[in-house]
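A.B. asks: As input, take model.tsv (TSV, C-alpha atoms):
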chain	number	residue	atom	x	y	z
A	25	MET	CA	-19.42	25.71	-5.52
A	26	GLU	CA	-17.53	26.64	-2.38
A	27	VAL	CA	-15.01	24.21	-0.94
A	28	GLY	CA	-14.33	24.55	2.79
A	29	LEU	CA	-11.30	23.45	4.76
A	30	TRP	CA	-12.88	20.13	5.79
A	31	ASN	CA	-13.77	19.44	2.18
A	32	MET	CA	-10.15	20.07	1.17
A	33	VAL	CA	-8.90	17.76	3.91
A	34	ALA	CA	-11.46	15.12	2.85
A	35	MET	CA	-10.32	15.47	-0.77
A	36	LEU	CA	-6.65	15.02	0.11
A	37	LEU	CA	-7.40	12.02	2.31
A	38	PHE	CA	-9.68	10.52	-0.33
A	39	VAL	CA	-6.88	10.72	-2.91
A	40	LEU	CA	-4.39	9.15	-0.49
A	41	GLU	CA	-6.81	6.34	0.39
A	42	ALA	CA	-7.52	5.70	-3.30
A	43	TYR	CA	-3.78	5.69	-4.00
A	44	HIS	CA	-3.26	3.09	-1.26
A	45	VAL	CA	-6.05	0.93	-2.69
A	46	LEU	CA	-4.51	1.06	-6.17
A	47	GLY	CA	-0.98	0.33	-4.92
A	48	HIS	CA	-2.00	-2.57	-2.70
A	49	THR	CA	-4.21	-4.01	-5.43
A	50	ALA	CA	-1.30	-3.87	-7.89
A	51	VAL	CA	0.85	-5.89	-5.46
A	52	LEU	CA	-1.93	-8.31	-4.47
A	53	PHE	CA	-2.70	-9.21	-8.08
A	54	ARG	CA	0.98	-9.08	-9.11
A	55	ILE	CA	0.41	-6.28	-11.61
A	56	ARG	CA	3.27	-4.10	-10.39
A	57	MET	CA	5.89	-4.93	-7.78
A	58	LEU	CA	9.29	-3.77	-6.58
A	59	PRO	CA	12.55	-5.66	-6.18
A	60	ARG	CA	13.04	-6.61	-2.53
A	61	ARG	CA	16.02	-4.29	-2.02
A	62	ASP	CA	13.88	-1.31	-3.10
A	63	LEU	CA	10.90	-2.44	-1.04
A	64	VAL	CA	13.06	-2.66	2.08
A	65	ARG	CA	14.03	0.99	1.69
A	66	ILE	CA	10.43	2.27	1.77
A	67	ARG	CA	9.73	1.18	5.33
A	68	SER	CA	8.31	4.63	6.14
A	69	TYR	CA	5.48	3.96	3.70
A	70	PHE	CA	3.86	1.86	6.45
A	71	LEU	CA	3.74	4.96	8.66
A	72	LEU	CA	2.09	7.05	5.93
A	73	ASP	CA	-0.34	4.23	5.18
A	74	GLY	CA	-1.35	3.85	8.84
A	75	PHE	CA	-1.34	7.60	9.48
A	76	THR	CA	-3.75	8.22	6.61
A	77	THR	CA	-6.36	5.80	7.92
A	78	PHE	CA	-5.87	7.06	11.49
A	79	VAL	CA	-6.52	10.69	10.53
A	80	VAL	CA	-9.64	9.73	8.55
A	81	ALA	CA	-11.18	7.66	11.36
A	82	PHE	CA	-10.11	9.60	14.43
A	83	PHE	CA	-10.00	13.23	13.29
A	84	VAL	CA	-12.24	13.62	10.25
A	85	THR	CA	-15.10	11.11	10.20
A	86	GLY	CA	-15.15	9.51	13.66
A	87	ARG	CA	-16.24	6.25	12.01
A	88	LEU	CA	-14.71	2.78	11.71
A	89	GLN	CA	-12.25	3.50	14.50
A	90	TRP	CA	-12.10	-0.14	15.62
A	91	LEU	CA	-11.19	-1.28	12.10
A	92	VAL	CA	-8.61	1.45	11.66
A	93	LEU	CA	-7.10	0.67	15.04
A	94	LEU	CA	-6.48	-2.93	13.92
A	95	HIS	CA	-4.97	-1.60	10.71
A	96	LEU	CA	-2.76	0.83	12.60
A	97	VAL	CA	-1.48	-1.88	14.96
A	98	GLN	CA	-0.64	-4.03	11.94
A	99	HIS	CA	1.29	-1.22	10.27
A	100	LEU	CA	3.13	-0.14	13.39
A	101	TYR	CA	4.19	-3.75	13.90
A	102	TYR	CA	5.62	-3.85	10.36
A	103	TYR	CA	7.34	-0.52	10.81
A	104	PHE	CA	9.02	-1.40	14.11
A	105	THR	CA	9.94	-4.98	13.18
A	106	TRP	CA	10.98	-4.23	9.58
A	107	GLU	CA	13.80	-6.57	8.58
A	108	LYS	CA	13.88	-7.91	12.18
A	109	SER	CA	10.98	-10.31	12.70
A	110	SER	CA	10.48	-13.35	10.50
A	111	PHE	CA	6.84	-12.42	9.88
A	112	ALA	CA	7.68	-8.89	8.70
A	113	LYS	CA	10.46	-10.28	6.49
A	114	ARG	CA	7.98	-12.73	4.94
A	115	VAL	CA	5.61	-9.88	4.11
A	116	VAL	CA	8.44	-7.98	2.42
A	117	ASP	CA	9.56	-11.13	0.59
A	118	TRP	CA	6.06	-11.98	-0.64
A	119	SER	CA	5.45	-8.40	-1.80
A	120	SER	CA	8.63	-8.29	-3.89
A	121	LEU	CA	9.60	-9.31	-7.39
A	122	ASP	CA	12.32	-11.47	-5.83
A	123	TRP	CA	9.56	-13.75	-4.48
A	124	LEU	CA	8.48	-14.64	-8.00
A	125	GLU	CA	12.04	-15.65	-8.89
A	126	SER	CA	12.29	-17.96	-5.88
A	127	PRO	CA	11.36	-21.62	-5.44
A	128	ARG	CA	8.31	-20.68	-3.32
A	129	GLY	CA	7.27	-17.94	-5.74
A	130	GLY	CA	4.34	-19.84	-7.18
A	131	LYS	CA	2.94	-20.96	-3.86
A	132	MET	CA	-0.04	-19.39	-2.14
A	133	GLU	CA	0.63	-17.41	1.01
A	134	LEU	CA	-2.86	-17.09	2.41
A	135	ASP	CA	-1.85	-14.93	5.39
A	136	ASN	CA	-0.16	-12.37	3.14
A	137	ILE	CA	-3.05	-12.40	0.69
A	138	LEU	CA	-5.59	-11.89	3.48
A	139	GLY	CA	-3.45	-9.21	5.13
A	140	THR	CA	-3.16	-7.27	1.88
A	141	PHE	CA	-6.87	-7.70	1.22
A	142	PHE	CA	-7.60	-6.41	4.74
A	143	ASP	CA	-5.44	-3.38	4.01
A	144	ILE	CA	-7.36	-2.71	0.78
A	145	LEU	CA	-10.67	-3.14	2.62
A	146	VAL	CA	-9.73	-0.56	5.28
A	147	HIS	CA	-8.66	2.02	2.70
A	148	ALA	CA	-11.75	1.40	0.54
A	149	SER	CA	-14.01	1.67	3.58
A	150	ASN	CA	-12.45	5.00	4.47
A	151	MET	CA	-13.00	6.17	0.90
A	152	CYS	CA	-16.68	5.31	1.21
A	153	VAL	CA	-16.99	7.18	4.50
A	154	LEU	CA	-15.19	10.22	3.04
A	155	CYS	CA	-17.69	10.32	0.16
A	156	SER	CA	-20.23	11.86	2.54
A	157	TYR	CA	-18.01	14.98	2.63
A	158	LEU	CA	-17.73	15.19	-1.15
A	159	THR	CA	-19.98	15.66	-4.16
A	160	SER	CA	-20.23	13.03	-6.89
A	161	VAL	CA	-18.21	15.29	-9.17
A	162	HIS	CA	-15.47	15.55	-6.53
A	163	VAL	CA	-15.40	11.78	-6.10
A	164	LEU	CA	-15.10	11.11	-9.84
A	165	PHE	CA	-12.43	13.78	-10.29
A	166	LEU	CA	-10.46	12.60	-7.25
A	167	MET	CA	-10.61	8.95	-8.34
A	168	ALA	CA	-9.25	9.96	-11.74
A	169	PHE	CA	-6.55	12.06	-10.08
A	170	ALA	CA	-5.54	9.15	-7.81
A	171	GLN	CA	-5.40	6.84	-10.83
A	172	VAL	CA	-3.10	9.24	-12.69
A	173	ALA	CA	-0.91	9.64	-9.59
A	174	ALA	CA	-0.69	5.88	-9.09
A	175	CYS	CA	0.16	5.34	-12.75
A	176	PHE	CA	2.80	8.06	-12.55
A	177	VAL	CA	4.52	6.12	-9.77
A	178	LEU	CA	3.74	2.50	-10.63
A	179	PHE	CA	4.41	2.82	-14.38
A	180	ASN	CA	7.26	5.33	-14.28
A	181	PRO	CA	10.14	3.83	-16.31
A	182	ARG	CA	12.66	5.56	-14.02
A	183	LEU	CA	11.36	3.70	-10.96
A	184	ALA	CA	11.83	0.02	-10.22
A	185	TRP	CA	8.09	-0.79	-10.13
A	186	SER	CA	7.69	-3.50	-12.74
A	187	SER	CA	5.34	-6.05	-14.14
A	188	PRO	CA	6.61	-9.51	-13.23
A	189	GLY	CA	6.52	-10.69	-16.86
A	190	ALA	CA	8.20	-7.64	-18.38
A	191	LEU	CA	11.25	-6.62	-16.38
A	192	ALA	CA	13.62	-4.00	-17.69
A	193	PRO	CA	17.21	-5.29	-17.67
A	194	TRP	CA	18.24	-2.79	-14.96
A	195	VAL	CA	15.37	-3.98	-12.75
A	196	GLN	CA	16.21	-7.64	-13.42
A	197	ARG	CA	19.73	-7.01	-12.10
A	198	ARG	CA	18.21	-5.78	-8.80
A	199	ILE	CA	16.43	-9.10	-8.22
A	200	SER	CA	17.92	-12.19	-6.65
A	201	PRO	CA	16.04	-15.36	-5.71
A	202	LEU	CA	15.25	-15.52	-2.01
A	203	GLN	CA	16.84	-18.14	0.18
A	204	PHE	CA	14.36	-19.93	2.43
A	205	GLN	CA	15.17	-22.01	5.45
Kindly transcribe the structure held in the file into structure tokens.
C.D. replies:
Amino acid sequence: MEVGLWNMVAMLLFVLEAYHVLGHTAVLFRIRMLPRRDLVRIRSYFLLDGFTTFVVAFFVTGRLQWLVLLHLVQHLYYYFTWEKSSFAKRVVDWSSLDWLESPRGGKMELDNILGTFFDILVHASNMCVLCSYLTSVHVLFLMAFAQVAACFVLFNPRLAWSSPGALAPWVQRRISPLQFQ
């Protein structure tokens, strides 16, 4: 079974898209989250996230470009207004463990939920489109690889990713309830 350059590129992008789906799903369903101070430091993640979808739609598959363009605009907005605009700050707040320790922590934030779901939808759609470049065996192997990679990051005891109900003491010290106006 020969694997060409485009297949290798499709494999790498498939793994990245699957990784994004797993990471966003973990945050959306509050399975694993970061303290706000750690989340603020990974601003460049929004560039990688947007870049991945852009490459898939505009250079590899040529499909879903309109959807990816919306996604890219969203991510560029977050990147350039990180810790500056109130909306971007709210997204960071809601995505953090600090949110759960705050008075508004139990309240629904429909815009953040829908935005995160939209993000998952774009990455999952790109995964489906990339499947046409891959065999079923590749897809199964790559999904397993992405799961292992995500678990390596999200469940690594040396990193601050934590389950809201089971915080390590060192992670708990990194959290402070958010002040809302």
A.B. asks: Can you pull out every residue within 10 Å of region 88-105 of chain A, counting all atoms listed in the file, but drop anything in the same chain fewer than 2 positions away, and send it as a PDB file with C-alpha atoms, in the frame of the given file?
C.D. replies:
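File around_36.pdb, as written:
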ATOM      1  CA  ILE A  66      10.430   2.270   1.770  1.00  0.00           C
ATOM      2  CA  ARG A  67       9.730   1.180   5.330  1.00  0.00           C
ATOM      3  CA  SER A  68       8.310   4.630   6.140  1.00  0.00           C
ATOM      4  CA  TYR A  69       5.480   3.960   3.700  1.00  0.00           C
ATOM      5  CA  PHE A  70       3.860   1.860   6.450  1.00  0.00           C
ATOM      6  CA  LEU A  71       3.740   4.960   8.660  1.00  0.00           C
ATOM      7  CA  LEU A  72       2.090   7.050   5.930  1.00  0.00           C
ATOM      8  CA  ASP A  73      -0.340   4.230   5.180  1.00  0.00           C
ATOM      9  CA  GLY A  74      -1.350   3.850   8.840  1.00  0.00           C
ATOM     10  CA  PHE A  75      -1.340   7.600   9.480  1.00  0.00           C
ATOM     11  CA  THR A  76      -3.750   8.220   6.610  1.00  0.00           C
ATOM     12  CA  THR A  77      -6.360   5.800   7.920  1.00  0.00           C
ATOM     13  CA  PHE A  78      -5.870   7.060  11.490  1.00  0.00           C
ATOM     14  CA  VAL A  79      -6.520  10.690  10.530  1.00  0.00           C
ATOM     15  CA  VAL A  80      -9.640   9.730   8.550  1.00  0.00           C
ATOM     16  CA  ALA A  81     -11.180   7.660  11.360  1.00  0.00           C
ATOM     17  CA  PHE A  82     -10.110   9.600  14.430  1.00  0.00           C
ATOM     18  CA  THR A  85     -15.100  11.110  10.200  1.00  0.00           C
ATOM     19  CA  GLY A  86     -15.150   9.510  13.660  1.00  0.00           C
ATOM     20  CA  GLU A 107      13.800  -6.570   8.580  1.00  0.00           C
ATOM     21  CA  LYS A 108      13.880  -7.910  12.180  1.00  0.00           C
ATOM     22  CA  SER A 109      10.980 -10.310  12.700  1.00  0.00           C
ATOM     23  CA  SER A 110      10.480 -13.350  10.500  1.00  0.00           C
ATOM     24  CA  PHE A 111       6.840 -12.420   9.880  1.00  0.00           C
ATOM     25  CA  ALA A 112       7.680  -8.890   8.700  1.00  0.00           C
ATOM     26  CA  LYS A 113      10.460 -10.280   6.490  1.00  0.00           C
ATOM     27  CA  VAL A 115       5.610  -9.880   4.110  1.00  0.00           C
ATOM     28  CA  VAL A 116       8.440  -7.980   2.420  1.00  0.00           C
ATOM     29  CA  GLY A 139      -3.450  -9.210   5.130  1.00  0.00           C
ATOM     30  CA  PHE A 142      -7.600  -6.410   4.740  1.00  0.00           C
ATOM     31  CA  ASP A 143      -5.440  -3.380   4.010  1.00  0.00           C
ATOM     32  CA  LEU A 145     -10.670  -3.140   2.620  1.00  0.00           C
ATOM     33  CA  VAL A 146      -9.730  -0.560   5.280  1.00  0.00           C
ATOM     34  CA  HIS A 147      -8.660   2.020   2.700  1.00  0.00           C
ATOM     35  CA  SER A 149     -14.010   1.670   3.580  1.00  0.00           C
ATOM     36  CA  ASN A 150     -12.450   5.000   4.470  1.00  0.00           C
ATOM     37  CA  VAL A 153     -16.990   7.180   4.500  1.00  0.00           C
TER      38      VAL A 153
END
A.B. asks: Compare A:Thr140, A:Ser200, A:Ser186, A:Ser160 by their minimum atom-to-atom distance to His48 (chain A), counting only C-alpha atoms, and give me the closest one.
C.D. replies: A:Thr140
A.B. asks: Please, what distance in Å, to one decimal, runs between CA of His44 (chain A) and CA of Leu202 (chain A)?
C.D. replies: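 We find that CA of His44 (chain A) and CA of Leu202 (chain A) lie 26.3 Å from each other.
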A.B. asks: Would you work out the distance separating CA of Arg182 (chain A) from CA of Leu58 (chain A), expressed in Å to one decimal?
C.D. replies: 12.4 Å
A.B. asks: Can you measure CA of Ser120 (chain A) to CA of Ala174 (chain A) for me? One decimal in Å is fine.
C.D. replies: 17.7 Å
A.B. asks: Mind dumping a table of every region 139-158 of chain A residue within 8 Å of region 29-40 of chain A, with the nearest atom pair and its distance in Å to one decimal, using only C-alpha atoms, sorted by chain and rising number, as a Markdown table?
C.D. replies:
| residue | atom | partner | partner_atom | distance |
| --- | --- | --- | --- | --- |
| A:Asn150 | CA | A:Phe38 | CA | 7.8 |
| A:Met151 | CA | A:Phe38 | CA | 5.6 |
| A:Leu154 | CA | A:Ala34 | CA | 6.2 |
| A:Tyr157 | CA | A:Asn31 | CA | 6.2 |
| A:Leu158 | CA | A:Asn31 | CA | 6.7 |
A.B. asks: Which residue out of A:Ser126, A:Gln171, A:Thr159, A:Ser119 has the minimum interatomic distance to Arg56 (chain A) when all atoms listed in the file are used?
C.D. replies: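 Checking each candidate against Arg56 (chain A), we get A:Ser119 as the closest.
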A.B. asks: Smallest atom-to-atom distance to Gln196 (chain A): which of A:Gly47, A:Lys131, A:Arg60, A:Phe53, using only C-alpha atoms?
C.D. replies: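 Between A:Gly47, A:Lys131, A:Arg60, A:Phe53, the residue approaching Gln196 (chain A) most closely is A:Arg60.
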A.B. asks: Smallest atom-to-atom distance to Asp122 (chain A): which of A:Ala173, A:Leu63, A:Ile55, A:Ala42, using all atoms listed in the file?
C.D. replies: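 Counting all atoms listed in the file, the residue closest to Asp122 (chain A) is A:Leu63.
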A.B. asks: Ranking A:Leu52, A:Cys155, A:Val45, A:Pro59 by minimum distance to Trp194 (chain A) and counting all atoms listed in the file, which one comes first?
C.D. replies: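 With all atoms listed in the file as the atom set, the closest residue is A:Pro59.
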A.B. asks: Show me, as JSON, the centre and edge lengths in Å to one decimal of the axis-aligned box that covers every listed atom of region 97-103 of chain A with 4 Å on each side.
C.D. replies:
{"center_x": 2.9, "center_y": -2.1, "center_z": 12.6, "size_x": 16.8, "size_y": 11.9, "size_z": 12.7}
A.B. asks: Measuring atom to atom with all atoms listed in the file, identify which of A:Cys175, A:Arg87, A:Asn180, A:Leu121 is nearest to Arg197 (chain A).
C.D. replies: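 Closest candidate: A:Leu121.
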